[in-house]
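Colleague: So that we are looking at the same thing, I have put the structure below in structure tokens.
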Amino acid sequence: MDFHFLTVILLGIVEGLTEFLPVSSTGHLILASELLGYDASVWAMFNIVIQLGAILAVVVLYWRTFWAVGMGLLRRDPVSWRFLRNLVVAFIPAVAIGLALHDYIEMLLGAPHVVAWALIAGGVAILVIERMVKEQRFHGIADIPLARVIGIGFIQCIAMIPGVSRSGATIMGALSLGVERRTAAEFSFFLAIPTMLGATALELVKKGDQLTSAAVGWSDIAIGFVVSFVVAIIVIKAFVGLISRHGFAPFAWYRIIAGTAALIWLAVR
């Protein structure tokens, strides 16, 4: 198996495996580029487009939820309208802050040391929040009050720092604001759809001419997309069951160990 094809498969696996776990897919892709020694700029658009495979996994797994909400909207069901309102409102801060800080965020994407420290800090934050949060009053996305939804939306924006994790920031923000574990995780899944679609669309508008290159073609993108989709399907199913039994501490310790190992490797390489 040649190195190029192995890179396509590996990046697809990394994206599908880490996108919905509180461990940072972007951070892992950045560290993978450092570890494997490939040109990250050549694969940048590839990494963005294969996120759509992970998005499709959420749509496929939760199609009944989306169908029920869609039918509810047609019937003017208040629960369905609150569900939609909460997703839209939580998405708005990411749009505003993402557009305002786009260039600065892109600069950070080339900083593996930032990723390593963010992994460690995020792991510590998860352990602290897990220990402190006791009351979980909201057991459905439509039940989350508007003020807390706005708070979750702003907390999600911390994940614009590579290595923080969009899903991790969303879930921990929701937990700290009284949302129970499973609902917090599913809210992060659903919120990923507009957030990742928006980020992908922005990159395609700015860098659409770089979508394919001599090094990365459409066949590579298609393979990465499929691999990301299949792995994300498996991960989402396993993740919901895992956090229901063990909470988020295993992911926190993984982040701390991975971040520490990355710092050591970056220092001695």
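To be explicit about the labels: the chains of the structure tokens are called A, B, and onward in the order shown, and within each one the residues are counted from 1, while ligands get numbers from 1 in the order they are shown.
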Go through stretch 109-144 of chain A and flag each residue having an atom no more than 9 Å from stretch 236-248 of chain A; for those, report the closest pair of atoms plus their distance in Å to one decimal, using only C-alpha atoms, ordered by chain and rising number, as a tab-separated table.
Modeller:
```
residue	atom	partner	partner_atom	distance
A:Ile126	CA	A:Phe248	CA	7.0
A:Leu127	CA	A:Phe248	CA	7.8
A:Glu130	CA	A:Phe248	CA	7.3
```
Colleague: With only C-alpha atoms as the counted atoms, please give the residues lying no more than 9 Å from A:Ile9, apart from itself and same-chain residues fewer than 3 positions off, as a VMD selection string.
Modeller: chain A and resid 4 to 6 12 to 14 220 223 to 224 227 to 228
Colleague: Write to file, as a CSV table (one decimal), in the first residue's frame, the residues of the selection just made, with all heavy atoms.
Modeller:
```
chain,number,residue,atom,x,y,z
A,4,HIS,N,0.5,7.5,-0.2
A,4,HIS,CA,-0.6,8.4,-0.5
A,4,HIS,C,-1.9,7.8,-0.1
A,4,HIS,O,-2.7,8.5,0.5
A,4,HIS,CB,-0.5,8.8,-2.0
A,4,HIS,CG,-1.6,9.7,-2.4
A,4,HIS,ND1,-1.5,11.1,-2.4
A,4,HIS,CD2,-2.8,9.5,-2.9
A,4,HIS,CE1,-2.6,11.7,-2.8
A,4,HIS,NE2,-3.4,10.7,-3.1
A,5,PHE,N,-2.1,6.6,-0.6
A,5,PHE,CA,-3.4,5.9,-0.3
A,5,PHE,C,-3.6,5.7,1.2
A,5,PHE,O,-4.7,5.9,1.7
A,5,PHE,CB,-3.5,4.6,-1.1
A,5,PHE,CG,-4.8,3.9,-0.9
A,5,PHE,CD1,-6.0,4.4,-1.5
A,5,PHE,CD2,-4.9,2.8,-0.2
A,5,PHE,CE1,-7.2,3.8,-1.4
A,5,PHE,CE2,-6.2,2.1,0.0
A,5,PHE,CZ,-7.3,2.7,-0.6
A,6,LEU,N,-2.5,5.4,1.9
A,6,LEU,CA,-2.6,5.2,3.3
A,6,LEU,C,-3.0,6.5,4.0
A,6,LEU,O,-3.7,6.5,5.0
A,6,LEU,CB,-1.2,4.7,3.8
A,6,LEU,CG,-1.1,4.4,5.3
A,6,LEU,CD1,-2.0,3.3,5.7
A,6,LEU,CD2,0.3,4.0,5.7
A,12,GLY,N,-9.3,9.9,6.7
A,12,GLY,CA,-10.7,9.6,6.8
A,12,GLY,C,-11.1,8.9,8.1
A,12,GLY,O,-12.1,9.3,8.7
A,13,ILE,N,-10.3,8.0,8.6
A,13,ILE,CA,-10.5,7.4,9.9
A,13,ILE,C,-10.4,8.4,11.0
A,13,ILE,O,-11.3,8.4,11.9
A,13,ILE,CB,-9.5,6.2,10.1
A,13,ILE,CG1,-9.8,5.1,9.1
A,13,ILE,CG2,-9.6,5.7,11.6
A,13,ILE,CD1,-8.7,4.0,9.2
A,14,VAL,N,-9.4,9.2,11.0
A,14,VAL,CA,-9.2,10.3,12.0
A,14,VAL,C,-10.4,11.2,12.1
A,14,VAL,O,-10.9,11.5,13.2
A,14,VAL,CB,-7.9,11.1,11.8
A,14,VAL,CG1,-7.8,12.3,12.8
A,14,VAL,CG2,-6.7,10.2,12.0
A,220,ASP,N,-9.6,10.6,-4.3
A,220,ASP,CA,-9.1,10.6,-2.9
A,220,ASP,C,-10.2,11.2,-2.0
A,220,ASP,O,-10.4,10.7,-0.9
A,220,ASP,CB,-7.8,11.5,-2.8
A,220,ASP,CG,-6.7,10.9,-3.6
A,220,ASP,OD1,-6.5,9.7,-3.6
A,220,ASP,OD2,-6.0,11.7,-4.2
A,223,ILE,N,-13.0,8.6,-1.4
A,223,ILE,CA,-12.6,7.6,-0.5
A,223,ILE,C,-12.6,8.1,0.9
A,223,ILE,O,-13.1,7.5,1.8
A,223,ILE,CB,-11.2,7.0,-0.9
A,223,ILE,CG1,-11.3,6.3,-2.2
A,223,ILE,CG2,-10.7,6.0,0.2
A,223,ILE,CD1,-9.9,5.9,-2.8
A,224,GLY,N,-12.0,9.3,1.1
A,224,GLY,CA,-12.0,9.9,2.5
A,224,GLY,C,-13.4,10.1,3.0
A,224,GLY,O,-13.6,9.9,4.2
A,227,VAL,N,-14.9,6.7,4.0
A,227,VAL,CA,-14.3,6.2,5.3
A,227,VAL,C,-14.8,7.0,6.5
A,227,VAL,O,-15.1,6.5,7.5
A,227,VAL,CB,-12.8,6.3,5.1
A,227,VAL,CG1,-12.1,5.9,6.5
A,227,VAL,CG2,-12.3,5.3,4.1
A,228,SER,N,-14.8,8.3,6.3
A,228,SER,CA,-15.3,9.2,7.4
A,228,SER,C,-16.7,8.9,7.8
A,228,SER,O,-17.0,8.8,9.0
A,228,SER,CB,-15.1,10.7,7.0
A,228,SER,OG,-15.7,11.5,7.9
```
Colleague: When you look at A:Ala232 with a cut-off of 12 Å (counting only C-alpha atoms), what residues show up, excluding the ones that are within fewer than 6 positions of it in the same chain? I need them as a VMD selection string.
Modeller: chain A and resid 12 to 21 25 50 to 61 189 224 to 226 238 to 239
Colleague: Just checking: using only C-alpha atoms, which residue out of A:Ala96, A:Val8, A:Ala249, A:Leu29 ends up closest to A:Gly217?
Modeller: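 Of A:Ala96, A:Val8, A:Ala249, A:Leu29, the one nearest A:Gly217, counting only C-alpha atoms, is A:Val8.
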Colleague: Would you write out, as JSON lines, a table of all residues in stretch 49-153 of chain A that have an atom no more than 12 Å from an atom of stretch 176-184 of chain A, listing for each the closest atom pair and the distance in Å to one decimal, considering only C-alpha atoms and ordering rows by chain and rising residue number?
Modeller:
```
{"residue": "A:Phe83", "atom": "CA", "partner": "A:Thr183", "partner_atom": "CA", "distance": 11.9}
{"residue": "A:Ala125", "atom": "CA", "partner": "A:Ser176", "partner_atom": "CA", "distance": 11.0}
{"residue": "A:Ile126", "atom": "CA", "partner": "A:Ser176", "partner_atom": "CA", "distance": 10.3}
{"residue": "A:Val128", "atom": "CA", "partner": "A:Ser176", "partner_atom": "CA", "distance": 10.4}
{"residue": "A:Ile129", "atom": "CA", "partner": "A:Ser176", "partner_atom": "CA", "distance": 6.7}
{"residue": "A:Glu130", "atom": "CA", "partner": "A:Ser176", "partner_atom": "CA", "distance": 8.7}
{"residue": "A:Arg131", "atom": "CA", "partner": "A:Ser176", "partner_atom": "CA", "distance": 10.6}
{"residue": "A:Met132", "atom": "CA", "partner": "A:Ser176", "partner_atom": "CA", "distance": 8.4}
{"residue": "A:Val133", "atom": "CA", "partner": "A:Ser176", "partner_atom": "CA", "distance": 6.0}
{"residue": "A:Lys134", "atom": "CA", "partner": "A:Gly178", "partner_atom": "CA", "distance": 8.3}
{"residue": "A:Glu135", "atom": "CA", "partner": "A:Gly178", "partner_atom": "CA", "distance": 6.0}
{"residue": "A:Gln136", "atom": "CA", "partner": "A:Gly178", "partner_atom": "CA", "distance": 4.5}
{"residue": "A:Arg137", "atom": "CA", "partner": "A:Gly178", "partner_atom": "CA", "distance": 5.4}
{"residue": "A:Phe138", "atom": "CA", "partner": "A:Val179", "partner_atom": "CA", "distance": 4.7}
{"residue": "A:His139", "atom": "CA", "partner": "A:Glu180", "partner_atom": "CA", "distance": 5.8}
{"residue": "A:Gly140", "atom": "CA", "partner": "A:Thr183", "partner_atom": "CA", "distance": 5.8}
{"residue": "A:Ile141", "atom": "CA", "partner": "A:Thr183", "partner_atom": "CA", "distance": 6.4}
{"residue": "A:Ala142", "atom": "CA", "partner": "A:Thr183", "partner_atom": "CA", "distance": 10.0}
{"residue": "A:Asp143", "atom": "CA", "partner": "A:Val179", "partner_atom": "CA", "distance": 9.2}
{"residue": "A:Ile144", "atom": "CA", "partner": "A:Val179", "partner_atom": "CA", "distance": 7.4}
{"residue": "A:Pro145", "atom": "CA", "partner": "A:Leu177", "partner_atom": "CA", "distance": 9.9}
{"residue": "A:Leu146", "atom": "CA", "partner": "A:Leu177", "partner_atom": "CA", "distance": 11.5}
{"residue": "A:Ala147", "atom": "CA", "partner": "A:Leu177", "partner_atom": "CA", "distance": 9.8}
{"residue": "A:Arg148", "atom": "CA", "partner": "A:Leu177", "partner_atom": "CA", "distance": 6.4}
{"residue": "A:Val149", "atom": "CA", "partner": "A:Leu177", "partner_atom": "CA", "distance": 8.9}
{"residue": "A:Ile150", "atom": "CA", "partner": "A:Leu177", "partner_atom": "CA", "distance": 10.7}
{"residue": "A:Gly151", "atom": "CA", "partner": "A:Leu177", "partner_atom": "CA", "distance": 8.1}
{"residue": "A:Ile152", "atom": "CA", "partner": "A:Leu177", "partner_atom": "CA", "distance": 7.9}
{"residue": "A:Gly153", "atom": "CA", "partner": "A:Leu177", "partner_atom": "CA", "distance": 11.7}
```
Colleague: Those same residues, written as an mmCIF file, in the first residue's frame with N, CA, C and O atoms?
Modeller:
```cif
data_model
loop_
_atom_site.group_PDB
_atom_site.id
_atom_site.type_symbol
_atom_site.label_atom_id
_atom_site.label_comp_id
_atom_site.auth_asym_id
_atom_site.auth_seq_id
_atom_site.Cartn_x
_atom_site.Cartn_y
_atom_site.Cartn_z
ATOM 1 N N PHE A 83 -37.276 23.079 19.076
ATOM 2 C CA PHE A 83 -36.113 22.301 18.655
ATOM 3 C C PHE A 83 -35.340 23.063 17.578
ATOM 4 O O PHE A 83 -34.127 23.252 17.682
ATOM 5 N N ALA A 125 -10.417 20.463 32.004
ATOM 6 C CA ALA A 125 -11.734 21.112 32.100
ATOM 7 C C ALA A 125 -12.852 20.082 32.173
ATOM 8 O O ALA A 125 -13.808 20.235 32.955
ATOM 9 N N ILE A 126 -12.749 19.019 31.378
ATOM 10 C CA ILE A 126 -13.774 17.969 31.404
ATOM 11 C C ILE A 126 -13.836 17.315 32.780
ATOM 12 O O ILE A 126 -14.923 17.091 33.336
ATOM 13 N N VAL A 128 -12.974 18.568 35.654
ATOM 14 C CA VAL A 128 -13.524 19.528 36.631
ATOM 15 C C VAL A 128 -15.035 19.642 36.471
ATOM 16 O O VAL A 128 -15.786 19.595 37.456
ATOM 17 N N ILE A 129 -15.500 19.788 35.238
ATOM 18 C CA ILE A 129 -16.941 19.942 34.997
ATOM 19 C C ILE A 129 -17.697 18.681 35.401
ATOM 20 O O ILE A 129 -18.766 18.755 36.017
ATOM 21 N N GLU A 130 -17.151 17.508 35.072
ATOM 22 C CA GLU A 130 -17.793 16.249 35.458
ATOM 23 C C GLU A 130 -17.951 16.157 36.974
ATOM 24 O O GLU A 130 -18.963 15.660 37.480
ATOM 25 N N ARG A 131 -16.950 16.643 37.708
ATOM 26 C CA ARG A 131 -17.000 16.556 39.172
ATOM 27 C C ARG A 131 -17.965 17.590 39.759
ATOM 28 O O ARG A 131 -18.647 17.318 40.755
ATOM 29 N N MET A 132 -18.025 18.762 39.149
ATOM 30 C CA MET A 132 -18.815 19.856 39.713
ATOM 31 C C MET A 132 -20.297 19.779 39.364
ATOM 32 O O MET A 132 -21.148 20.155 40.154
ATOM 33 N N VAL A 133 -20.605 19.293 38.164
ATOM 34 C CA VAL A 133 -21.996 19.325 37.701
ATOM 35 C C VAL A 133 -22.785 18.188 38.342
ATOM 36 O O VAL A 133 -22.433 17.019 38.222
ATOM 37 N N LYS A 134 -23.842 18.530 39.015
ATOM 38 C CA LYS A 134 -24.708 17.540 39.668
ATOM 39 C C LYS A 134 -26.132 17.608 39.124
ATOM 40 O O LYS A 134 -26.738 16.602 38.797
ATOM 41 N N GLU A 135 -26.664 18.812 39.012
ATOM 42 C CA GLU A 135 -28.063 18.986 38.617
ATOM 43 C C GLU A 135 -28.184 18.956 37.093
ATOM 44 O O GLU A 135 -27.506 19.684 36.380
ATOM 45 N N GLN A 136 -29.050 18.073 36.607
ATOM 46 C CA GLN A 136 -29.307 17.976 35.166
ATOM 47 C C GLN A 136 -30.822 18.041 34.959
ATOM 48 O O GLN A 136 -31.522 17.048 35.062
ATOM 49 N N ARG A 137 -31.291 19.231 34.652
ATOM 50 C CA ARG A 137 -32.741 19.473 34.627
ATOM 51 C C ARG A 137 -33.382 19.321 33.258
ATOM 52 O O ARG A 137 -34.586 19.128 33.162
ATOM 53 N N PHE A 138 -32.595 19.416 32.196
ATOM 54 C CA PHE A 138 -33.175 19.469 30.860
ATOM 55 C C PHE A 138 -32.874 18.173 30.111
ATOM 56 O O PHE A 138 -31.720 17.830 29.868
ATOM 57 N N HIS A 139 -33.947 17.460 29.737
ATOM 58 C CA HIS A 139 -33.813 16.123 29.155
ATOM 59 C C HIS A 139 -34.289 16.057 27.709
ATOM 60 O O HIS A 139 -34.595 14.979 27.212
ATOM 61 N N GLY A 140 -34.337 17.156 27.046
ATOM 62 C CA GLY A 140 -34.689 17.186 25.638
ATOM 63 C C GLY A 140 -34.196 18.487 25.030
ATOM 64 O O GLY A 140 -34.164 19.517 25.711
ATOM 65 N N ILE A 141 -33.800 18.454 23.762
ATOM 66 C CA ILE A 141 -33.254 19.658 23.135
ATOM 67 C C ILE A 141 -34.281 20.784 23.132
ATOM 68 O O ILE A 141 -33.941 21.949 23.368
ATOM 69 N N ALA A 142 -35.537 20.444 22.887
ATOM 70 C CA ALA A 142 -36.587 21.464 22.860
ATOM 71 C C ALA A 142 -36.860 22.044 24.242
ATOM 72 O O ALA A 142 -37.471 23.115 24.359
ATOM 73 N N ASP A 143 -36.426 21.338 25.294
ATOM 74 C CA ASP A 143 -36.693 21.795 26.664
ATOM 75 C C ASP A 143 -35.654 22.790 27.171
ATOM 76 O O ASP A 143 -35.848 23.395 28.231
ATOM 77 N N ILE A 144 -34.544 22.957 26.466
ATOM 78 C CA ILE A 144 -33.484 23.853 26.946
ATOM 79 C C ILE A 144 -33.935 25.300 26.780
ATOM 80 O O ILE A 144 -34.307 25.720 25.681
ATOM 81 N N PRO A 145 -33.931 26.100 27.859
ATOM 82 C CA PRO A 145 -34.356 27.504 27.755
ATOM 83 C C PRO A 145 -33.467 28.307 26.814
ATOM 84 O O PRO A 145 -32.280 28.003 26.648
ATOM 85 N N LEU A 146 -34.032 29.356 26.233
ATOM 86 C CA LEU A 146 -33.330 30.138 25.220
ATOM 87 C C LEU A 146 -32.027 30.733 25.748
ATOM 88 O O LEU A 146 -31.005 30.720 25.054
ATOM 89 N N ALA A 147 -32.044 31.262 26.956
ATOM 90 C CA ALA A 147 -30.837 31.882 27.512
ATOM 91 C C ALA A 147 -29.695 30.876 27.612
ATOM 92 O O ALA A 147 -28.533 31.201 27.331
ATOM 93 N N ARG A 148 -30.008 29.646 27.968
ATOM 94 C CA ARG A 148 -28.958 28.625 28.090
ATOM 95 C C ARG A 148 -28.482 28.163 26.713
ATOM 96 O O ARG A 148 -27.315 27.823 26.545
ATOM 97 N N VAL A 149 -29.386 28.161 25.749
ATOM 98 C CA VAL A 149 -28.997 27.838 24.375
ATOM 99 C C VAL A 149 -27.985 28.864 23.858
ATOM 100 O O VAL A 149 -26.990 28.510 23.213
ATOM 101 N N ILE A 150 -28.239 30.132 24.133
ATOM 102 C CA ILE A 150 -27.301 31.189 23.727
ATOM 103 C C ILE A 150 -25.946 30.964 24.382
ATOM 104 O O ILE A 150 -24.891 31.093 23.734
ATOM 105 N N GLY A 151 -25.957 30.594 25.650
ATOM 106 C CA GLY A 151 -24.708 30.308 26.355
ATOM 107 C C GLY A 151 -23.950 29.154 25.711
ATOM 108 O O GLY A 151 -22.733 29.223 25.521
ATOM 109 N N ILE A 152 -24.661 28.080 25.352
ATOM 110 C CA ILE A 152 -24.028 26.936 24.701
ATOM 111 C C ILE A 152 -23.423 27.357 23.369
ATOM 112 O O ILE A 152 -22.318 26.937 23.000
ATOM 113 N N GLY A 153 -24.140 28.205 22.630
ATOM 114 C CA GLY A 153 -23.644 28.685 21.341
ATOM 115 C C GLY A 153 -22.331 29.434 21.470
ATOM 116 O O GLY A 153 -21.406 29.233 20.666
#
```
Colleague: Write down as a ChimeraX atom specification the residues of stretch 166-262 of chain A whose backbone DSSP state falls under alpha helix (DSSP H).
Modeller: /A:166-176,181-207,218-246,249-262
Colleague: Suppose you want the space between atom CA of A:Glu186 and atom CA of A:Pro93; what is it in Å?
Modeller: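 The value is 19.1 Å.
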Colleague: Could you tell me which of A:Ile256, A:Val268, A:Met196, A:Leu10 comes closest to A:Val49 if we count only C-alpha atoms?
Modeller: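 The answer is A:Met196, which sits nearest to A:Val49.
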Colleague: Could you tell me which of A:Trp63, A:Trp43, A:Trp117, A:Phe91 comes closest to A:Ile193 if we count only C-alpha atoms?
Modeller: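 When distances to A:Ile193 are compared using only C-alpha atoms, the smallest one comes from A:Phe91.
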Colleague: Find the residue from A:Thr200, A:Gly27, A:Ile221, A:Pro22 that sits nearest to A:Thr7; use only C-alpha atoms when measuring.
Modeller: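 Among A:Thr200, A:Gly27, A:Ile221, A:Pro22, it is A:Ile221 that comes nearest to A:Thr7.
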Colleague: Rank A:Leu119, A:Val114, A:Ile158, A:Met45 by their smallest atom-to-atom distance to A:Val205, using only C-alpha atoms, and report the top residue only.
Modeller: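 When distances to A:Val205 are compared using only C-alpha atoms, the smallest one comes from A:Met45.
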